[in-house]
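To be precise, the following lines are work-v7.cif, and they hold mmCIF, C-alpha atoms.
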data_run
loop_
_atom_site.label_atom_id
_atom_site.label_comp_id
_atom_site.auth_asym_id
_atom_site.auth_seq_id
_atom_site.Cartn_x
_atom_site.Cartn_y
_atom_site.Cartn_z
CA MET R 1 138.14 124.96 123.80
CA MET R 2 137.48 121.44 122.52
CA GLY R 3 134.72 122.38 120.12
CA SER R 4 131.01 122.93 120.16
CA ARG R 5 129.89 119.30 119.67
CA PRO R 6 129.35 117.02 122.65
CA VAL R 7 131.58 113.97 122.95
CA ARG R 8 128.76 111.44 122.59
CA GLU R 9 127.75 112.45 119.03
CA PRO R 10 130.65 110.63 117.30
CA ALA R 11 129.96 107.57 119.46
CA GLU R 12 126.31 107.58 118.43
CA LEU R 13 127.34 107.86 114.78
CA VAL R 14 129.56 104.80 115.21
CA ILE R 15 126.73 102.88 116.89
CA TRP R 16 124.24 103.80 114.16
CA SER R 17 126.71 102.93 111.39
CA ALA R 18 127.70 99.64 113.00
CA SER R 19 124.05 98.69 113.48
CA ALA R 20 123.21 99.44 109.86
CA LEU R 21 126.24 97.56 108.54
CA LEU R 22 125.53 94.58 110.79
CA GLY R 23 121.96 94.58 109.51
CA LEU R 24 123.25 94.51 105.93
CA VAL R 25 125.56 91.58 106.69
CA VAL R 26 122.79 89.66 108.47
CA GLY R 27 120.37 90.32 105.60
CA ILE R 28 122.82 89.16 102.93
CA GLY R 29 123.72 86.09 104.97
CA THR R 30 120.07 85.23 105.50
CA ALA R 31 119.37 85.63 101.79
CA PHE R 32 122.27 83.33 100.94
CA ILE R 33 121.14 80.67 103.42
CA LEU R 34 117.54 80.79 102.23
CA TRP R 35 118.56 80.72 98.57
CA SER R 36 121.02 77.86 98.98
CA GLN R 37 118.54 75.73 100.90
CA LEU R 38 115.37 76.44 98.95
CA HIS R 39 116.26 77.25 95.33
CA ARG R 40 116.11 73.63 94.13
CA GLY R 41 113.09 72.27 95.97
CA ALA R 42 110.53 75.03 95.94
CA ASP R 43 108.55 76.60 93.14
CA GLN R 44 110.10 79.99 92.28
CA VAL R 45 106.85 81.93 92.73
CA VAL R 46 106.29 80.41 96.16
CA LEU R 47 109.88 81.12 97.13
CA ASP R 48 109.65 84.74 96.00
CA GLY R 49 106.41 85.16 97.93
CA ALA R 50 107.98 83.63 101.03
CA ILE R 51 110.93 86.04 100.94
CA ILE R 52 108.63 89.02 100.51
CA ALA R 53 106.38 87.75 103.32
CA ILE R 54 109.35 87.32 105.68
CA ALA R 55 110.64 90.81 104.89
CA THR R 56 107.19 92.35 105.29
CA GLY R 57 106.62 90.59 108.60
CA LEU R 58 109.98 91.68 109.98
CA SER R 59 109.37 95.24 108.80
CA LEU R 60 106.09 95.28 110.69
CA VAL R 61 107.87 93.97 113.78
CA ALA R 62 110.39 96.80 113.37
CA VAL R 63 107.56 99.34 113.46
CA ALA R 64 106.54 97.99 116.86
CA VAL R 65 110.06 98.18 118.33
CA ASP R 66 110.65 101.21 120.52
CA ASN R 67 114.43 101.30 120.14
CA VAL R 68 115.40 103.28 117.05
CA ILE R 69 118.73 101.50 116.60
CA ALA R 70 117.04 98.09 116.70
CA ARG R 71 114.50 99.36 114.18
CA LEU R 72 117.32 100.50 111.89
CA PHE R 73 119.00 97.10 112.22
CA ILE R 74 115.83 95.20 111.32
CA TRP R 75 114.99 97.43 108.37
CA ALA R 76 118.54 97.23 107.02
CA ALA R 77 118.46 93.45 107.36
CA CYS R 78 115.10 93.21 105.57
CA ALA R 79 116.15 95.47 102.72
CA ALA R 80 119.48 93.69 102.28
CA MET R 81 117.78 90.29 102.37
CA VAL R 82 115.28 91.17 99.65
CA ILE R 83 117.81 92.91 97.41
CA ALA R 84 120.46 90.21 97.85
CA PHE R 85 117.98 87.40 97.29
CA PHE R 86 116.63 88.77 94.03
CA ALA R 87 119.80 90.40 92.67
CA GLY R 88 122.42 87.99 93.95
CA ALA R 89 121.19 84.65 92.61
CA THR R 90 124.00 84.35 90.07
CA MET R 91 126.64 85.16 92.67
CA PHE R 92 125.06 82.71 95.10
CA ALA R 93 125.08 80.02 92.39
CA SER R 94 128.80 80.55 91.83
CA LEU R 95 129.46 80.24 95.57
CA VAL R 96 127.43 77.06 95.96
CA GLY R 97 128.44 75.37 92.73
#
The structure given in the file should be rewritten as structure tokens.
Amino acid sequence: MMGSRPVREPAELVIWSASALLGLVVGIGTAFILWSQLHRGADQVVLDGAIIAIATGLSLVAVAVDNVIARLFIWAACAAMVIAFFAGATMFASLVG
């Protein structure tokens, strides 16, 4: 007897984990790109509002997506983008400067 779990469950776990981790990487990368391009030229309040608006818009798009894995990817990317943008400014400054 091989066990009581079907073979596809570990594969689905790998797919879900890889999608979430890829979303985190994409979100952090997007936050770094946006911060490095916009931190000098834009007013900070406008920039903060733009990041929140982008994340909110993408989260609403994720609600409309039928595929659960794609929804997980988008939400992970949005959350990572917002957290990295607001918490990682000092680390981004050390990378750029």
Exercise. For Ala80 of chain R, which residue out of R:Asn67, R:Gly57, R:Phe92, R:Thr30 is the nearest one, using all atoms listed in the file?
Worked result: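 Residue with the minimum atom-to-atom distance to Ala80 of chain R: R:Thr30.
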For this session: Counting only C-alpha atoms, figure out which residue out of R:Ile69, R:Ser59, R:Arg40, R:Met91 gets nearest to Glu12 of chain R.
Result: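 Looking only at the distances to Glu12 of chain R, the closest residue turns out to be R:Ile69.
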Exercise. In terms of the shortest atom-to-atom distance over all atoms listed in the file, which of R:Asp43, R:Asp66, R:Ile74, R:Ile33 is closest to Leu21 of chain R?
Worked result: R:Ile74
For this session: Could you expand the PyMOL selection byres ((chain R and resi 29) around 12) into the explicit residues it covers here, written as a list in words?
Result: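 With the shown file as input, the PyMOL selection byres ((chain R and resi 29) around 12) matches Leu22, Gly23, Leu24, Val25, Val26, Gly27, Ile28, Thr30, Ala31, Phe32, Ile33, Leu34, Trp35, Ser36, Ala77, Cys78, Ala80, Met81, Val82, Ile83, Ala84, Phe85, Gly88 and Phe92 of chain R.
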Problem set entry | Atom pair atom CA of Ala76 of chain R / atom CA of Ile52 of chain R: separation (Å) |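 Computed distance, atom CA of Ala76 of chain R to atom CA of Ile52 of chain R, equals 14.4 Å.
Atom CA of Ala79 of chain R is positioned 16.6 Å from atom CA of Leu47 of chain R.
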Problem set entry | Gap from atom CA of Ser19 of chain R to atom CA of Ala70 of chain R - Å, one decimal |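 A separation of 7.7 Å between them.
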Exercise. Pick the closest to Arg71 of chain R from R:Ala89, R:Ala50, R:Ala20, R:Val45: which is it, counting all atoms listed in the file?
Worked result: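 Closest candidate: R:Ala20.
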Can you rebuild segment 69-80 of chain R with all heavy atoms and give it as a PDB file, in the frame of the given file?
ATOM      1  N   ILE R  69     117.584 102.215 117.168  1.00  0.00           N
ATOM      2  CA  ILE R  69     118.730 101.500 116.600  1.00  0.00           C
ATOM      3  C   ILE R  69     118.336 100.081 116.220  1.00  0.00           C
ATOM      4  O   ILE R  69     118.743  99.573 115.172  1.00  0.00           O
ATOM      5  CB  ILE R  69     119.919 101.531 117.575  1.00  0.00           C
ATOM      6  CG1 ILE R  69     120.382 102.971 117.744  1.00  0.00           C
ATOM      7  CG2 ILE R  69     121.045 100.648 117.098  1.00  0.00           C
ATOM      8  CD1 ILE R  69     121.458 103.167 118.771  1.00  0.00           C
ATOM      9  N   ALA R  70     117.525  99.433 117.047  1.00  0.00           N
ATOM     10  CA  ALA R  70     117.040  98.090 116.700  1.00  0.00           C
ATOM     11  C   ALA R  70     116.151  98.139 115.464  1.00  0.00           C
ATOM     12  O   ALA R  70     116.201  97.245 114.614  1.00  0.00           O
ATOM     13  CB  ALA R  70     116.282  97.488 117.876  1.00  0.00           C
ATOM     14  N   ARG R  71     115.350  99.180 115.357  1.00  0.00           N
ATOM     15  CA  ARG R  71     114.500  99.360 114.180  1.00  0.00           C
ATOM     16  C   ARG R  71     115.346  99.535 112.923  1.00  0.00           C
ATOM     17  O   ARG R  71     115.061  98.943 111.880  1.00  0.00           O
ATOM     18  CB  ARG R  71     113.594 100.566 114.375  1.00  0.00           C
ATOM     19  CG  ARG R  71     112.534 100.715 113.322  1.00  0.00           C
ATOM     20  CD  ARG R  71     111.648 101.903 113.587  1.00  0.00           C
ATOM     21  NE  ARG R  71     111.106 101.842 114.945  1.00  0.00           N
ATOM     22  CZ  ARG R  71     110.676 102.898 115.620  1.00  0.00           C
ATOM     23  NH1 ARG R  71     110.738 104.095 115.093  1.00  0.00           N
ATOM     24  NH2 ARG R  71     110.188 102.768 116.829  1.00  0.00           N
ATOM     25  N   LEU R  72     116.408 100.317 113.016  1.00  0.00           N
ATOM     26  CA  LEU R  72     117.320 100.500 111.890  1.00  0.00           C
ATOM     27  C   LEU R  72     117.966  99.180 111.492  1.00  0.00           C
ATOM     28  O   LEU R  72     118.058  98.860 110.308  1.00  0.00           O
ATOM     29  CB  LEU R  72     118.404 101.522 112.258  1.00  0.00           C
ATOM     30  CG  LEU R  72     119.548 101.690 111.265  1.00  0.00           C
ATOM     31  CD1 LEU R  72     119.047 102.364 109.998  1.00  0.00           C
ATOM     32  CD2 LEU R  72     120.679 102.472 111.897  1.00  0.00           C
ATOM     33  N   PHE R  73     118.395  98.398 112.481  1.00  0.00           N
ATOM     34  CA  PHE R  73     119.000  97.100 112.220  1.00  0.00           C
ATOM     35  C   PHE R  73     118.036  96.178 111.475  1.00  0.00           C
ATOM     36  O   PHE R  73     118.399  95.555 110.478  1.00  0.00           O
ATOM     37  CB  PHE R  73     119.447  96.452 113.539  1.00  0.00           C
ATOM     38  CG  PHE R  73     119.888  95.035 113.389  1.00  0.00           C
ATOM     39  CD1 PHE R  73     121.147  94.742 112.925  1.00  0.00           C
ATOM     40  CD2 PHE R  73     119.031  94.000 113.711  1.00  0.00           C
ATOM     41  CE1 PHE R  73     121.559  93.428 112.778  1.00  0.00           C
ATOM     42  CE2 PHE R  73     119.432  92.687 113.571  1.00  0.00           C
ATOM     43  CZ  PHE R  73     120.693  92.402 113.108  1.00  0.00           C
ATOM     44  N   ILE R  74     116.816  96.095 111.936  1.00  0.00           N
ATOM     45  CA  ILE R  74     115.830  95.200 111.320  1.00  0.00           C
ATOM     46  C   ILE R  74     115.506  95.649 109.902  1.00  0.00           C
ATOM     47  O   ILE R  74     115.436  94.836 108.982  1.00  0.00           O
ATOM     48  CB  ILE R  74     114.566  95.095 112.189  1.00  0.00           C
ATOM     49  CG1 ILE R  74     114.890  94.432 113.523  1.00  0.00           C
ATOM     50  CG2 ILE R  74     113.474  94.315 111.474  1.00  0.00           C
ATOM     51  CD1 ILE R  74     113.775  94.488 114.537  1.00  0.00           C
ATOM     52  N   TRP R  75     115.311  96.947 109.710  1.00  0.00           N
ATOM     53  CA  TRP R  75     114.990  97.430 108.370  1.00  0.00           C
ATOM     54  C   TRP R  75     116.159  97.241 107.406  1.00  0.00           C
ATOM     55  O   TRP R  75     115.959  96.902 106.240  1.00  0.00           O
ATOM     56  CB  TRP R  75     114.567  98.889 108.412  1.00  0.00           C
ATOM     57  CG  TRP R  75     113.122  99.068 108.805  1.00  0.00           C
ATOM     58  CD1 TRP R  75     112.123  98.159 108.700  1.00  0.00           C
ATOM     59  CD2 TRP R  75     112.540 100.241 109.360  1.00  0.00           C
ATOM     60  NE1 TRP R  75     110.957  98.691 109.164  1.00  0.00           N
ATOM     61  CE2 TRP R  75     111.179  99.966 109.574  1.00  0.00           C
ATOM     62  CE3 TRP R  75     113.037 101.485 109.703  1.00  0.00           C
ATOM     63  CZ2 TRP R  75     110.306 100.892 110.108  1.00  0.00           C
ATOM     64  CZ3 TRP R  75     112.159 102.406 110.238  1.00  0.00           C
ATOM     65  CH2 TRP R  75     110.817 102.110 110.433  1.00  0.00           C
ATOM     66  N   ALA R  76     117.369  97.456 107.879  1.00  0.00           N
ATOM     67  CA  ALA R  76     118.540  97.230 107.020  1.00  0.00           C
ATOM     68  C   ALA R  76     118.663  95.752 106.660  1.00  0.00           C
ATOM     69  O   ALA R  76     118.963  95.408 105.508  1.00  0.00           O
ATOM     70  CB  ALA R  76     119.808  97.723 107.717  1.00  0.00           C
ATOM     71  N   ALA R  77     118.401  94.884 107.631  1.00  0.00           N
ATOM     72  CA  ALA R  77     118.460  93.450 107.360  1.00  0.00           C
ATOM     73  C   ALA R  77     117.384  93.028 106.367  1.00  0.00           C
ATOM     74  O   ALA R  77     117.647  92.223 105.459  1.00  0.00           O
ATOM     75  CB  ALA R  77     118.330  92.655 108.665  1.00  0.00           C
ATOM     76  N   CYS R  78     116.187  93.550 106.505  1.00  0.00           N
ATOM     77  CA  CYS R  78     115.100  93.210 105.570  1.00  0.00           C
ATOM     78  C   CYS R  78     115.411  93.689 104.157  1.00  0.00           C
ATOM     79  O   CYS R  78     115.245  92.941 103.186  1.00  0.00           O
ATOM     80  CB  CYS R  78     113.787  93.835 106.036  1.00  0.00           C
ATOM     81  SG  CYS R  78     113.095  93.078 107.490  1.00  0.00           S
ATOM     82  N   ALA R  79     115.847  94.931 104.048  1.00  0.00           N
ATOM     83  CA  ALA R  79     116.150  95.470 102.720  1.00  0.00           C
ATOM     84  C   ALA R  79     117.307  94.713 102.067  1.00  0.00           C
ATOM     85  O   ALA R  79     117.238  94.368 100.876  1.00  0.00           O
ATOM     86  CB  ALA R  79     116.494  96.957 102.831  1.00  0.00           C
ATOM     87  N   ALA R  80     118.345  94.419 102.842  1.00  0.00           N
ATOM     88  CA  ALA R  80     119.480  93.690 102.280  1.00  0.00           C
ATOM     89  C   ALA R  80     119.085  92.272 101.894  1.00  0.00           C
ATOM     90  O   ALA R  80     119.540  91.753 100.868  1.00  0.00           O
ATOM     91  CB  ALA R  80     120.626  93.652 103.293  1.00  0.00           C
TER      92      ALA R  80
END
